[in-house]
Amino acid sequence: MLASIAESTADVSEHSKGSSLREKTNRTEDAQIILQSESLKSNLFVMERVITLNIFQPKQAAYRGLPIIVDTHREPSAEEGSANNMHLTQLGPNLDRLWAFSCNLTKGRNVSCVSWNKVNHDLLAAGYGQFGFSDQKGGLVCCWSLKNPEVSIK
């Protein structure tokens with residue numbers, strides 16, 4: 001009697017091990033399918049755009065002459081806090097650096113030409129190359145968007 005109970009317990013544990021292995025394999029396959037789906041990639045792209053727009057909203061609004069939306073949930077950094085203490089009328093005419101277009105590909109390269117897109121004014125093409133004949137590197141063209149100035153589009 002005890003032997004038959006031990007055998008049935010062993011059968012149940014082997015069956016549960018096999019089913020848990022199949023479940024893990026199925027979950028891994030499902031995860032791979034989800035991660036490779038075009039729908040997920042598209043949704044992640046949209047979410048990245050939304051987050052970036054939230055981050056760069058004050059600079060983009062200043063660039064376009066629109067009102068800046070104040071984020072009441074974010075605490076101002078040290079430099080923002082000190083800048084807010086002075087009024088613009090006290091500073092007089094000034095220029096603010098809104099953003100810089102750079103990434104790992106463009107580090108150490110000279111900008112040789114720049115052109116704004118005539119149809120979509122948020123797009124900028126920049127050509128990178130060397131001016132000196134003796135110190136030549138390969139050229140590079142990057143397209144930048146004002147919607148995400150930290151990463152080149154192509």
# chains A, B, ... in the order shown; residues from 1 in each chain; ligands from 1
>>> residues_around(residues="Ile68 of chain A", least_positions_apart="4", cutoff="8 Å", atoms="only C-alpha atoms", output="count of residues only")
4
>>> residues_around(residues="Asp96 of chain A", least_positions_apart="3", cutoff="10 Å", atoms="only C-alpha atoms", output="list in words")
Lys59, Ala62, Tyr63 and Trp99 of chain A
>>> write_last_selection(atoms="N, CA and C atoms", output="tab-separated table (two decimals), in the first residue's frame")
chain	number	residue	atom	x	y	z
A	59	LYS	N	11.41	74.02	-23.58
A	59	LYS	CA	12.32	74.51	-24.62
A	59	LYS	C	11.63	74.61	-25.97
A	62	ALA	N	9.41	77.66	-25.85
A	62	ALA	CA	10.20	78.89	-25.99
A	62	ALA	C	10.63	79.08	-27.44
A	63	TYR	N	11.00	78.01	-28.11
A	63	TYR	CA	11.42	78.08	-29.52
A	63	TYR	C	10.28	78.58	-30.40
A	99	TRP	N	18.90	73.66	-26.97
A	99	TRP	CA	19.37	72.30	-27.04
A	99	TRP	C	20.57	72.22	-27.97
>>> residues_around(residues="Val141 of chain A", least_positions_apart="5", cutoff="12 Å", atoms="only C-alpha atoms", output="PyMOL selection string")
chain A and resi 105-106+109-115+124-129+152-154
>>> residues_around(residues="Gln60 of chain A", least_positions_apart="3", cutoff="12 Å", atoms="only C-alpha atoms", output="list in words")
Thr52, Leu53, Asn54, Ile55, Phe56, Gln57, Tyr63, Arg64, Gly65, Leu66, Pro67, Ile68, Ile69, Arg97, Leu98, Trp99, Asp122, Ser145, Leu146, Lys147, Asn148 and Pro149 of chain A
>>> atom_distance(atom1="atom CA of Phe45 of chain A", atom2="atom CA of Gly139 of chain A")
28.4 Å
